[in-house]
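Student: Structure file query_31.tsv, TSV, C-alpha atoms and all ligand atoms, is pasted below:
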```
chain	number	residue	atom	x	y	z
A	1	MET	CA	3.32	-21.32	10.45
A	2	ILE	CA	4.82	-19.58	7.42
A	3	TYR	CA	3.73	-15.95	7.29
A	4	ALA	CA	3.70	-14.62	3.72
A	5	ASP	CA	1.10	-11.86	3.95
A	6	ASN	CA	3.18	-8.85	4.93
A	7	ALA	CA	1.25	-6.54	2.61
A	8	ALA	CA	-1.82	-7.19	4.78
A	9	THR	CA	0.08	-6.48	7.97
A	10	THR	CA	3.47	-7.11	9.54
A	11	LYS	CA	4.48	-8.50	12.91
A	12	MET	CA	5.51	-5.71	15.28
A	13	SER	CA	9.28	-5.62	15.73
A	14	ARG	CA	10.80	-6.12	19.18
A	15	SER	CA	12.17	-2.56	19.14
A	16	ALA	CA	8.74	-1.12	18.23
A	17	ILE	CA	7.10	-3.13	21.04
A	18	ASN	CA	9.77	-1.93	23.47
A	19	ALA	CA	9.22	1.70	22.42
A	20	MET	CA	5.49	1.25	22.93
A	21	LEU	CA	5.88	-0.43	26.34
A	22	SER	CA	8.36	2.17	27.54
A	23	CYS	CA	5.95	4.92	26.57
A	24	MET	CA	3.03	3.22	28.30
A	25	GLU	CA	5.09	2.74	31.46
A	26	ASN	CA	7.01	6.00	31.58
A	27	PHE	CA	5.41	8.69	29.41
A	28	TRP	CA	1.70	8.01	29.62
A	29	GLY	CA	0.76	11.63	30.26
A	30	ASN	CA	-1.40	13.62	27.88
A	31	PRO	CA	0.85	15.61	25.51
A	32	SER	CA	-1.60	18.54	25.75
A	33	SER	CA	-1.26	18.82	29.56
A	34	LEU	CA	0.79	21.78	30.72
A	35	TYR	CA	2.53	20.21	33.74
A	36	ASP	CA	5.96	18.69	33.35
A	37	PHE	CA	4.72	15.07	33.05
A	38	GLY	CA	2.45	16.03	30.15
A	39	GLN	CA	5.21	18.03	28.53
A	40	LYS	CA	7.53	15.00	28.68
A	41	ALA	CA	4.92	13.18	26.60
A	42	ALA	CA	4.78	16.16	24.22
A	43	GLU	CA	8.58	16.07	23.88
A	44	ASN	CA	8.39	12.39	22.91
A	45	LEU	CA	5.63	13.12	20.42
A	46	ASN	CA	7.75	15.80	18.79
A	47	ARG	CA	10.82	13.58	18.76
A	48	ALA	CA	8.80	10.90	16.98
A	49	ARG	CA	7.59	13.53	14.51
A	50	GLU	CA	11.18	14.55	13.77
A	51	ILE	CA	12.36	10.95	13.31
A	52	ILE	CA	9.53	10.26	10.85
A	53	ALA	CA	10.11	13.54	9.00
A	54	ASN	CA	13.82	12.68	8.62
A	55	CYS	CA	12.94	9.28	7.15
A	56	ILE	CA	11.00	10.89	4.28
A	57	GLY	CA	12.94	14.13	3.74
A	58	ALA	CA	10.22	16.30	5.29
A	59	ASN	CA	10.12	18.97	7.96
A	60	SER	CA	8.56	17.83	11.26
A	61	SER	CA	5.94	20.61	11.00
A	62	GLU	CA	4.64	18.88	7.86
A	63	ILE	CA	3.80	15.58	9.61
A	64	TYR	CA	0.25	14.96	10.90
A	65	PHE	CA	-0.49	11.82	12.91
A	66	THR	CA	-3.57	9.89	11.83
A	67	SER	CA	-5.27	6.58	12.63
A	68	GLY	CA	-3.60	4.96	9.60
A	69	GLY	CA	-3.37	4.96	5.84
A	70	SER	CA	-7.11	5.15	5.17
A	71	GLU	CA	-7.57	8.30	7.22
A	72	ALA	CA	-4.50	9.93	5.69
A	73	ASP	CA	-5.76	9.13	2.17
A	74	ASN	CA	-9.23	10.49	2.95
A	75	GLN	CA	-7.89	13.70	4.48
A	76	ALA	CA	-5.43	14.32	1.64
A	77	LEU	CA	-8.08	13.99	-1.06
A	78	ILE	CA	-10.76	15.95	0.75
A	79	SER	CA	-8.28	18.74	1.53
A	80	ALA	CA	-7.05	18.95	-2.07
A	81	ALA	CA	-10.63	18.98	-3.35
A	82	ALA	CA	-11.51	21.83	-0.98
A	83	ILE	CA	-8.53	23.84	-2.23
A	84	GLY	CA	-9.53	23.10	-5.84
A	85	GLU	CA	-13.12	24.13	-5.24
A	86	LYS	CA	-11.99	27.51	-3.95
A	87	HIS	CA	-10.29	28.12	-7.29
A	88	GLY	CA	-13.10	26.67	-9.40
A	89	LYS	CA	-11.07	23.53	-10.19
A	90	ARG	CA	-13.00	20.28	-9.95
A	91	HIS	CA	-11.05	17.76	-12.03
A	92	ILE	CA	-9.13	15.00	-10.21
A	93	ILE	CA	-6.80	12.44	-11.81
A	94	SER	CA	-6.11	9.05	-10.28
A	95	THR	CA	-5.70	5.45	-11.43
A	96	ALA	CA	-7.99	2.45	-11.77
A	97	PHE	CA	-5.92	0.32	-9.39
A	98	GLU	CA	-5.75	2.49	-6.26
A	99	HIS	CA	-6.68	1.21	-2.81
A	100	HIS	CA	-10.34	1.59	-1.86
A	101	ALA	CA	-9.40	4.30	0.66
A	102	ILE	CA	-8.68	6.41	-2.43
A	103	LEU	CA	-11.32	5.05	-4.82
A	104	HIS	CA	-14.20	5.34	-2.35
A	105	THR	CA	-13.20	8.87	-1.36
A	106	LEU	CA	-13.07	9.79	-5.05
A	107	LYS	CA	-16.61	8.39	-5.49
A	108	LYS	CA	-17.75	10.60	-2.62
A	109	LEU	CA	-16.15	13.63	-4.28
A	110	GLU	CA	-17.78	12.68	-7.58
A	111	ARG	CA	-21.17	12.80	-5.88
A	112	LYS	CA	-20.27	16.33	-4.76
A	113	GLY	CA	-19.69	17.42	-8.35
A	114	PHE	CA	-16.01	16.66	-8.94
A	115	GLU	CA	-14.99	15.05	-12.22
A	116	ILE	CA	-12.87	11.99	-11.55
A	117	GLU	CA	-10.60	10.62	-14.26
A	118	LEU	CA	-9.09	7.19	-13.55
A	119	LEU	CA	-6.10	6.44	-15.74
A	120	ASP	CA	-5.92	3.01	-17.38
A	121	VAL	CA	-3.16	0.78	-16.10
A	122	HIS	CA	-0.88	-0.95	-18.58
A	123	GLU	CA	-0.54	-4.75	-18.33
A	124	ASP	CA	2.81	-4.32	-16.56
A	125	GLY	CA	1.02	-2.51	-13.70
A	126	ILE	CA	2.79	0.79	-14.26
A	127	ILE	CA	1.33	4.23	-14.96
A	128	SER	CA	3.46	6.36	-17.28
A	129	PRO	CA	4.28	9.99	-16.50
A	130	GLN	CA	3.08	10.84	-20.04
A	131	GLN	CA	-0.41	9.50	-19.23
A	132	VAL	CA	-0.55	11.85	-16.26
A	133	GLY	CA	0.82	14.81	-18.25
A	134	GLU	CA	-1.71	14.31	-21.03
A	135	ALA	CA	-4.62	14.05	-18.58
A	136	ILE	CA	-3.85	17.28	-16.69
A	137	ARG	CA	-6.21	20.14	-17.60
A	138	GLU	CA	-6.61	23.79	-16.62
A	139	ASP	CA	-9.19	22.76	-14.02
A	140	THR	CA	-7.23	19.83	-12.52
A	141	CYS	CA	-6.84	20.31	-8.77
A	142	LEU	CA	-5.22	16.99	-7.80
A	143	VAL	CA	-3.28	14.03	-9.11
A	144	THR	CA	-3.22	11.02	-6.78
A	145	VAL	CA	-1.18	7.98	-7.84
A	146	MET	CA	-0.11	5.24	-5.44
A	147	PHE	CA	3.62	4.76	-4.81
A	148	ALA	CA	3.39	0.96	-4.99
A	149	ASN	CA	0.36	-1.21	-5.58
A	150	ASN	CA	-0.84	-3.31	-2.66
A	151	GLU	CA	-1.82	-6.35	-4.71
A	152	ILE	CA	0.68	-6.67	-7.54
A	153	GLY	CA	3.46	-4.63	-5.93
A	154	THR	CA	4.34	-2.56	-8.97
A	155	VAL	CA	6.23	0.66	-8.24
A	156	GLN	CA	5.19	3.85	-10.02
A	157	PRO	CA	7.50	6.55	-11.46
A	158	ILE	CA	6.62	8.89	-8.60
A	159	GLU	CA	9.45	11.40	-9.04
A	160	GLU	CA	8.61	11.95	-12.73
A	161	ILE	CA	4.87	12.19	-12.10
A	162	GLY	CA	5.57	14.68	-9.30
A	163	LYS	CA	7.79	16.71	-11.62
A	164	ILE	CA	5.02	17.02	-14.21
A	165	CYS	CA	2.48	18.01	-11.54
A	166	ARG	CA	4.86	20.61	-10.12
A	167	ALA	CA	5.48	22.09	-13.57
A	168	LYS	CA	1.73	22.31	-14.18
A	169	LYS	CA	1.07	23.61	-10.65
A	170	VAL	CA	-1.22	20.73	-9.71
A	171	LEU	CA	-1.15	19.17	-6.22
A	172	PHE	CA	0.32	15.66	-6.16
A	173	HIS	CA	-0.61	13.09	-3.52
A	174	THR	CA	0.75	9.57	-3.29
A	175	ASP	CA	-0.53	6.68	-1.18
A	176	ALA	CA	2.81	5.34	0.06
A	177	VAL	CA	1.32	2.81	2.48
A	178	GLN	CA	2.99	-0.18	0.80
A	179	ALA	CA	6.22	1.67	-0.01
A	180	ALA	CA	7.17	3.30	3.29
A	181	GLY	CA	9.98	1.44	5.01
A	182	HIS	CA	10.52	-0.72	1.91
A	183	LEU	CA	11.58	1.82	-0.74
A	184	PRO	CA	13.50	5.09	-0.36
A	185	ILE	CA	11.13	8.06	-0.01
A	186	ASN	CA	12.13	11.70	-0.20
A	187	VAL	CA	9.20	14.08	-0.56
A	188	GLN	CA	11.47	16.88	-1.75
A	189	THR	CA	13.45	15.17	-4.47
A	190	GLN	CA	10.41	13.12	-5.51
A	191	ASN	CA	8.23	16.25	-5.85
A	192	ILE	CA	5.50	14.98	-3.51
A	193	ASP	CA	3.00	17.45	-2.00
A	194	MET	CA	1.03	15.00	0.14
A	195	LEU	CA	1.76	11.42	1.17
A	196	SER	CA	0.07	8.74	3.29
A	197	ILE	CA	1.81	6.16	5.46
A	198	SER	CA	0.56	3.35	7.71
A	199	ALA	CA	2.71	1.98	10.56
A	200	HIS	CA	1.50	-1.62	10.52
A	201	LYS	CA	3.02	-2.22	7.08
A	202	PHE	CA	6.59	-1.80	8.41
A	203	HIS	CA	6.49	-3.56	11.79
A	204	GLY	CA	4.79	-0.75	13.71
A	205	ALA	CA	1.40	-0.92	15.43
A	206	LYS	CA	-1.98	-1.04	13.72
A	207	GLY	CA	-4.21	2.01	13.81
A	208	THR	CA	-1.45	4.60	13.36
A	209	GLY	CA	-0.18	6.46	10.34
A	210	ILE	CA	0.79	9.85	9.04
A	211	LEU	CA	-0.29	12.34	6.48
A	212	TYR	CA	2.58	14.42	5.14
A	213	ALA	CA	1.36	17.75	3.75
A	214	ARG	CA	3.88	20.19	2.31
A	215	LYS	CA	4.14	23.49	4.21
A	216	GLY	CA	1.43	25.89	3.13
A	217	ILE	CA	-1.12	23.26	2.06
A	218	PRO	CA	-4.25	23.92	4.15
A	219	LEU	CA	-5.81	20.70	5.44
A	220	THR	CA	-9.52	20.11	5.93
A	221	ASN	CA	-10.40	18.45	9.24
A	222	LEU	CA	-12.07	15.06	9.14
A	223	ILE	CA	-12.32	14.97	12.93
A	224	GLU	CA	-13.36	18.03	14.93
A	225	GLY	CA	-12.52	18.61	18.58
A	226	GLY	CA	-9.33	19.63	20.38
A	227	ALA	CA	-6.41	21.53	18.90
A	228	GLN	CA	-4.08	18.55	18.45
A	229	GLU	CA	-2.00	18.32	15.25
A	230	LYS	CA	-2.08	22.10	14.76
A	231	GLY	CA	-5.87	21.99	14.90
A	232	LYS	CA	-6.05	19.73	11.84
A	233	ARG	CA	-6.76	16.37	13.50
A	234	ALA	CA	-8.54	16.38	16.84
A	235	GLY	CA	-8.14	13.65	19.46
A	236	THR	CA	-5.54	12.82	22.11
A	237	GLU	CA	-2.56	11.42	20.28
A	238	ASN	CA	-1.86	7.67	20.45
A	239	LEU	CA	1.64	8.34	21.75
A	240	PRO	CA	2.69	4.70	22.43
A	241	ALA	CA	1.77	3.71	18.86
A	242	VAL	CA	3.36	6.86	17.44
A	243	MET	CA	6.64	6.08	19.25
A	244	ALA	CA	6.50	2.52	17.95
A	245	MET	CA	5.90	3.86	14.43
A	246	ALA	CA	8.90	6.20	14.61
A	247	THR	CA	11.12	3.38	15.91
A	248	ALA	CA	9.88	0.95	13.26
A	249	LEU	CA	10.24	3.41	10.38
A	250	LYS	CA	13.75	4.42	11.42
A	251	ASP	CA	14.78	0.74	11.73
A	252	ALA	CA	13.25	-0.03	8.34
A	253	CYS	CA	15.02	2.89	6.66
A	254	ASP	CA	18.38	2.23	8.39
A	255	ASN	CA	18.28	-1.47	7.37
A	256	MET	CA	16.58	-1.08	3.99
A	257	THR	CA	19.57	-1.96	1.82
A	258	ASP	CA	20.45	-5.15	3.73
A	259	ASN	CA	16.83	-6.23	4.17
A	260	ASN	CA	15.97	-5.67	0.53
A	261	ALA	CA	19.00	-7.62	-0.69
A	262	LYS	CA	17.82	-10.60	1.35
A	263	ILE	CA	14.14	-10.24	0.43
A	264	LEU	CA	14.92	-9.80	-3.29
A	265	ALA	CA	16.86	-13.08	-3.39
A	266	LEU	CA	13.90	-14.86	-1.75
A	267	ARG	CA	11.42	-13.18	-4.07
A	268	GLU	CA	13.31	-14.22	-7.20
A	269	LYS	CA	13.51	-17.81	-5.93
A	270	LEU	CA	9.76	-17.79	-5.26
A	271	ILE	CA	8.88	-16.31	-8.65
A	272	ASP	CA	11.11	-18.81	-10.46
A	273	GLY	CA	9.57	-21.69	-8.52
A	274	LEU	CA	5.94	-20.68	-9.09
A	275	ALA	CA	6.51	-19.84	-12.76
A	276	LYS	CA	7.22	-23.55	-13.32
A	277	ILE	CA	3.55	-24.33	-12.60
A	278	PRO	CA	1.93	-24.70	-16.04
A	279	HIS	CA	-0.77	-22.23	-17.11
A	280	SER	CA	0.27	-19.58	-14.60
A	281	THR	CA	1.35	-15.97	-14.91
A	282	LEU	CA	3.11	-13.40	-12.78
A	283	ASN	CA	1.06	-10.24	-12.28
A	284	GLY	CA	2.90	-6.96	-12.78
A	285	ASP	CA	6.35	-6.11	-14.05
A	286	ARG	CA	8.96	-8.66	-12.98
A	287	ASN	CA	11.56	-6.12	-11.84
A	288	ASN	CA	9.78	-2.88	-11.09
A	289	ARG	CA	7.93	-4.21	-8.05
A	290	LEU	CA	8.18	-4.13	-4.27
A	291	PRO	CA	11.04	-6.32	-3.04
A	292	GLY	CA	8.71	-8.69	-1.18
A	293	ASN	CA	5.75	-8.94	-3.58
A	294	VAL	CA	4.92	-12.05	-5.59
A	295	SER	CA	1.50	-12.07	-7.29
A	296	PHE	CA	0.41	-14.93	-9.55
A	297	CYS	CA	-2.69	-16.10	-11.35
A	298	PHE	CA	-3.26	-19.81	-11.93
A	299	GLU	CA	-5.71	-20.84	-14.61
A	300	GLY	CA	-8.57	-23.11	-13.57
A	301	ILE	CA	-8.30	-22.27	-9.85
A	302	GLU	CA	-10.46	-20.38	-7.36
A	303	GLY	CA	-8.20	-18.18	-5.24
A	304	GLU	CA	-10.28	-18.77	-2.10
A	305	SER	CA	-9.91	-22.58	-2.30
A	306	LEU	CA	-6.19	-22.17	-2.85
A	307	LEU	CA	-5.90	-19.99	0.24
A	308	LEU	CA	-7.88	-22.35	2.45
A	309	LEU	CA	-5.79	-25.35	1.41
A	310	LEU	CA	-2.58	-23.37	1.90
A	311	ASP	CA	-3.85	-22.40	5.35
A	312	ASP	CA	-4.26	-26.13	6.10
A	313	LYS	CA	-0.57	-26.48	5.27
A	314	GLY	CA	0.28	-23.61	7.64
A	315	ILE	CA	0.88	-20.95	4.99
A	316	CYS	CA	-0.66	-17.49	5.44
A	317	ALA	CA	-1.19	-15.86	2.05
A	318	SER	CA	-3.76	-13.70	0.36
A	319	SER	CA	-5.84	-13.64	-2.78
A	320	GLY	CA	-6.72	-10.58	-4.77
A	321	SER	CA	-10.03	-12.07	-5.72
A	322	ALA	CA	-12.24	-11.39	-2.72
A	323	CYS	CA	-12.46	-7.74	-1.84
A	324	THR	CA	-12.84	-6.56	1.73
A	325	SER	CA	-16.60	-6.21	1.39
A	326	GLY	CA	-16.82	-10.01	1.23
A	327	SER	CA	-17.88	-9.89	-2.40
A	328	LEU	CA	-16.64	-12.61	-4.68
A	329	ASP	CA	-15.98	-10.17	-7.51
A	330	PRO	CA	-12.46	-10.48	-8.87
A	331	SER	CA	-9.92	-7.90	-7.80
A	332	HIS	CA	-10.28	-4.47	-9.45
A	333	VAL	CA	-6.48	-4.37	-9.65
A	334	LEU	CA	-6.21	-7.55	-11.72
A	335	LEU	CA	-9.07	-6.43	-13.95
A	336	ALA	CA	-7.35	-3.05	-14.34
A	337	ILE	CA	-4.20	-4.71	-15.75
A	338	GLY	CA	-6.38	-6.63	-18.20
A	339	ARG	CA	-6.63	-10.07	-16.63
A	340	PRO	CA	-9.83	-11.79	-17.83
A	341	HIS	CA	-12.35	-12.52	-15.03
A	342	GLU	CA	-11.66	-16.25	-15.13
A	343	ILE	CA	-7.92	-15.70	-14.64
A	344	ALA	CA	-8.36	-12.93	-12.05
A	345	HIS	CA	-10.35	-15.41	-9.92
A	346	GLY	CA	-7.29	-17.64	-9.57
A	347	SER	CA	-4.97	-15.15	-7.93
A	348	LEU	CA	-2.47	-15.59	-5.13
A	349	ARG	CA	-0.48	-12.83	-3.41
A	350	LEU	CA	2.54	-13.81	-1.33
A	351	THR	CA	4.32	-10.96	0.41
A	352	ILE	CA	7.52	-11.85	2.18
A	353	ASP	CA	9.85	-9.94	4.46
A	354	GLU	CA	13.32	-10.19	5.96
A	355	ASN	CA	12.13	-12.75	8.51
A	356	ASN	CA	11.27	-15.37	5.88
A	357	THR	CA	13.84	-18.07	5.03
A	358	ALA	CA	14.92	-19.97	1.92
A	359	GLU	CA	13.47	-23.17	3.48
A	360	GLU	CA	10.10	-21.44	3.82
A	361	ILE	CA	10.22	-20.39	0.18
A	362	ASP	CA	10.92	-24.02	-0.83
A	363	CYS	CA	7.95	-25.13	1.25
A	364	ILE	CA	5.67	-22.47	-0.31
A	365	ILE	CA	6.68	-23.47	-3.85
A	366	LYS	CA	6.06	-27.17	-3.12
A	367	SER	CA	2.75	-26.52	-1.35
A	368	VAL	CA	1.35	-24.16	-4.00
A	369	GLY	CA	2.29	-26.68	-6.72
A	370	GLU	CA	0.52	-29.52	-4.87
A	371	VAL	CA	-2.60	-27.48	-4.10
A	372	VAL	CA	-2.92	-26.14	-7.66
A	373	GLU	CA	-2.56	-29.66	-9.04
A	374	TYR	CA	-5.17	-31.02	-6.63
A	375	LEU	CA	-7.69	-28.24	-7.30
A	376	ARG	CA	-7.31	-28.67	-11.03
A	377	SER	CA	-7.77	-32.44	-10.69
A	378	ILE	CA	-11.25	-31.93	-9.17
A	379	SER	CA	-12.32	-29.10	-11.49
A	380	PRO	CA	-14.84	-29.89	-14.28
A	381	LEU	CA	-13.68	-26.73	-16.06
A	382	TRP	CA	-10.12	-28.02	-16.05
A	383	LYS	CA	-11.23	-31.39	-17.45
A	384	ASP	CA	-12.88	-29.52	-20.33
A	385	LYS	CA	-9.64	-27.68	-21.02
A	386	ILE	CA	-7.55	-30.82	-20.91
A	387	SER	CA	-9.95	-32.60	-23.26
A	388	GLY	CA	-9.89	-29.68	-25.67
A	389	LYS	CA	-13.57	-28.72	-25.16
A	390	ARG	CA	-12.39	-25.32	-23.90
A	391	GLU	CA	-9.37	-23.22	-24.80
A	392	PHE	CA	-6.57	-22.52	-22.35
A	393	ILE	CA	-6.10	-18.81	-21.70
A	394	LEU	CA	-2.60	-18.98	-20.21
A	395	SER	CA	0.19	-20.96	-21.82
B	1	LIG	C1	-2.10	0.96	-0.59
B	1	LIG	C2	-2.87	1.03	0.68
B	1	LIG	N1	-3.47	2.18	1.03
B	1	LIG	C3	-4.16	2.31	2.16
B	1	LIG	C4	-4.29	1.26	3.04
B	1	LIG	C5	-5.05	1.45	4.31
B	1	LIG	O1	-4.17	1.55	5.41
B	1	LIG	P1	-4.72	1.32	6.90
B	1	LIG	O2	-4.99	-0.12	7.06
B	1	LIG	O3	-3.63	1.82	7.78
B	1	LIG	O4	-5.94	2.18	7.04
B	1	LIG	C6	-3.70	0.03	2.73
B	1	LIG	C7	-3.87	-1.13	3.61
B	1	LIG	O5	-3.79	-2.27	3.21
B	1	LIG	C8	-2.96	-0.09	1.52
B	1	LIG	O6	-2.37	-1.22	1.17
```
Translate this file's structure into structure tokens.
Ligand SMILES: Cc1ncc(COP(=O)(O)O)c(C=O)c1O
Tutor:
Amino acid sequence: MIYADNAATTKMSRSAINAMLSCMENFWGNPSSLYDFGQKAAENLNRAREIIANCIGANSSEIYFTSGGSEADNQALISAAAIGEKHGKRHIISTAFEHHAILHTLKKLERKGFEIELLDVHEDGIISPQQVGEAIREDTCLVTVMFANNEIGTVQPIEEIGKICRAKKVLFHTDAVQAAGHLPINVQTQNIDMLSISAHKFHGAKGTGILYARKGIPLTNLIEGGAQEKGKRAGTENLPAVMAMATALKDACDNMTDNNAKILALREKLIDGLAKIPHSTLNGDRNNRLPGNVSFCFEGIEGESLLLLLDDKGICASSGSACTSGSLDPSHVLLAIGRPHEIAHGSLRLTIDENNTAEEIDCIIKSVGEVVEYLRSISPLWKDKISGKREFILS
């Protein structure tokens, strides 16, 4: 099997599994228990909090453990909205290509009377700081712009956007789920007030993440109960997964330069190989993208058929065209960057990591080429294009 869907999830690393197992075997007490065994668990929890804080330039008191990226995104937005409401500010700025954890929460806030402004995304998949600056109003209470897009991998000018928000005294949140462990993050120098991270995107366990909230930002609880996480997120902490997350994030940050050099070389080889397929296009800026992200559209193809045939060849990939609800609508991300519906339907996302090899990349290029050619050969639409009855959209 060739695994090329690391944006969906990553394989847990051996060191993260070991950290998890060691915790389950040796420190399985409840961190809230007062006896020594419980306090040993609490010490480990705090150590993990410090490790994670160090990886993103935060203070450990600013890290809140959550069940993953979705929960962190929800809590960040709902908290910022509550702060805004107190000051009579009900305008929120975001982008059209955020993850649904953001977009659906914004819809919920809209139903509660907030005005949501989604910035258009340029064809290169990058939001400009000027767009954000121009959209900010007196009554803006939050700007939320993702660090890196989960489908097309484009990386946003976070530091500059944060600088503008800081100058205009508007809270700035970034969904860094795809960036953490893959790109350098420093919440101080990058002017970030709130940030979401998910462990399973950097070889940690699923169902664990963090919300970073700068000191002094009052959070609104999504889950009521015990006093865990300074009373802001009830529920006994998932210590084994938290320890795995800290281990995985530290490994990812310590090895980022070496890993990215290797992944970048593979990515460039993959992009060059796929670009040779006629009537195809790379989605998002060629350079300003996550090291492991390759996103293409192929004209005359249904992404789902492409994925199934690649699966037959042992390749795990993803398509942007079917959203998680099972709908066959094309991806909102590809539509946001201006891809026509027909083209957006033929998308393929390959996300590689440091465990992939050059031989695997060769195999992916060959397999995608064969499958695209086969699918086109049985497509009536394609025959119309070849015969000149219909225009080609991509050159
Ligand atoms: C950009 C982005 N935000 C949020 C999430 C949700 O994270 P989780 O699966 O940990 O809830 C994902 C997951 O794919 C993502 O890619």
Student: Enclose all atoms of ligand LIG 1 (chain B) listed in the file in an axis-aligned box, grow every side by 5 Å, and hand back centre and edge lengths in Å to one decimal, as JSON.
Tutor:
```
{"center_x": -4.0, "center_y": 0.0, "center_z": 3.6, "size_x": 13.8, "size_y": 14.6, "size_z": 18.4}
```
Student: Using only C-alpha atoms and all ligand atoms, which residues have at least one atom no more than 9 Å from ligand LIG 1 (chain B)? Output them as a VMD selection string.
Tutor: chain A and resid 7 to 9 67 to 73 98 to 102 146 to 151 175 to 179 196 to 201 206 to 209
Student: Can you pull out the residues contacting segment 14-24 of chain A? Cut-off 8 Å, using only C-alpha atoms, and skip same-chain residues under 5 positions away; I want them as a PDB file with C-alpha atoms, in the coordinates of the input.
Tutor:
```pdb
ATOM      1  CA  HIS A 203       6.490  -3.560  11.790  1.00  0.00           C
ATOM      2  CA  GLY A 204       4.790  -0.750  13.710  1.00  0.00           C
ATOM      3  CA  ALA A 205       1.400  -0.920  15.430  1.00  0.00           C
ATOM      4  CA  LEU A 239       1.640   8.340  21.750  1.00  0.00           C
ATOM      5  CA  PRO A 240       2.690   4.700  22.430  1.00  0.00           C
ATOM      6  CA  ALA A 241       1.770   3.710  18.860  1.00  0.00           C
ATOM      7  CA  MET A 243       6.640   6.080  19.250  1.00  0.00           C
ATOM      8  CA  ALA A 244       6.500   2.520  17.950  1.00  0.00           C
ATOM      9  CA  MET A 245       5.900   3.860  14.430  1.00  0.00           C
ATOM     10  CA  THR A 247      11.120   3.380  15.910  1.00  0.00           C
ATOM     11  CA  ALA A 248       9.880   0.950  13.260  1.00  0.00           C
TER      12      ALA A 248
END
```
Student: Using only C-alpha atoms and a cutoff of 7 Å, can you tell me which residues are near (4.4, 20.6, -5.8) in the file's coordinates, and write them out as a ChimeraX atom specification?
Tutor: /A:162,165-166,169-172,191-193
Student: Between atom CA of Ala96 of chain A and atom CA of Val294 of chain A, what is the spacing in Å?
Tutor: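 According to the coordinates, atom CA of Val294 of chain A and atom CA of Ala96 of chain A are separated by 20.4 Å.
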Student: Pick the closest to Gly314 of chain A from A:Ile364, A:Ile352, A:Ala336, A:Cys141: which is it, counting only C-alpha atoms?
Tutor: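 Among the listed residues, A:Ile364 lies closest to Gly314 of chain A.
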Student: Extract, using only C-alpha atoms, all DNA, RNA and protein residues at most 9 Å from Thr281 of chain A, discarding same-chain residues fewer than 2 positions from it, and format them as a list in words.
Tutor: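 In the requested form, the answer reads Leu274, Ala275, Ile277, Pro278, His279, Asn283, Ser295, Phe296, Cys297, Phe298, Glu299, Leu394 and Ser395 of chain A.
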Student: So, with all atoms listed in the file as the atoms that count, which of A:Val372, A:Ala41, A:Ile152, A:Lys366 lies closest to Glu25 of chain A?
Tutor: A:Ala41
Student: For atom CA of Lys108 of chain A and atom CA of Val132 of chain A, quote the distance in Å rounded to one decimal.
Tutor: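 Between atom CA of Lys108 of chain A and atom CA of Val132 of chain A the gap is 22.0 Å.
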Student: Find, counting all atoms listed in the file, the residue in A:Pro380, A:Pro31, A:Gly181, A:Pro129 that gets nearest to Ile158 of chain A.
Tutor: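 For Ile158 of chain A, the nearest of the given residues is A:Pro129.
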Student: Identify, on the basis of all atoms listed in the file, every residue whose closest approach to segment 119-121 of chain A does not exceed 7 Å; exclude the query and any residue fewer than 3 positions from it along the same chain; express the result as a list in words.
Tutor: Ser94, Thr95, Ala96, Gly125, Ile126, Ile127, Ala336 and Ile337 of chain A
Student: May I ask which of the residues A:Glu237, A:Ser33, A:Asn355, A:Gly225 is the closest one to Asn46 of chain A, counting all atoms listed in the file?
Tutor: A:Glu237
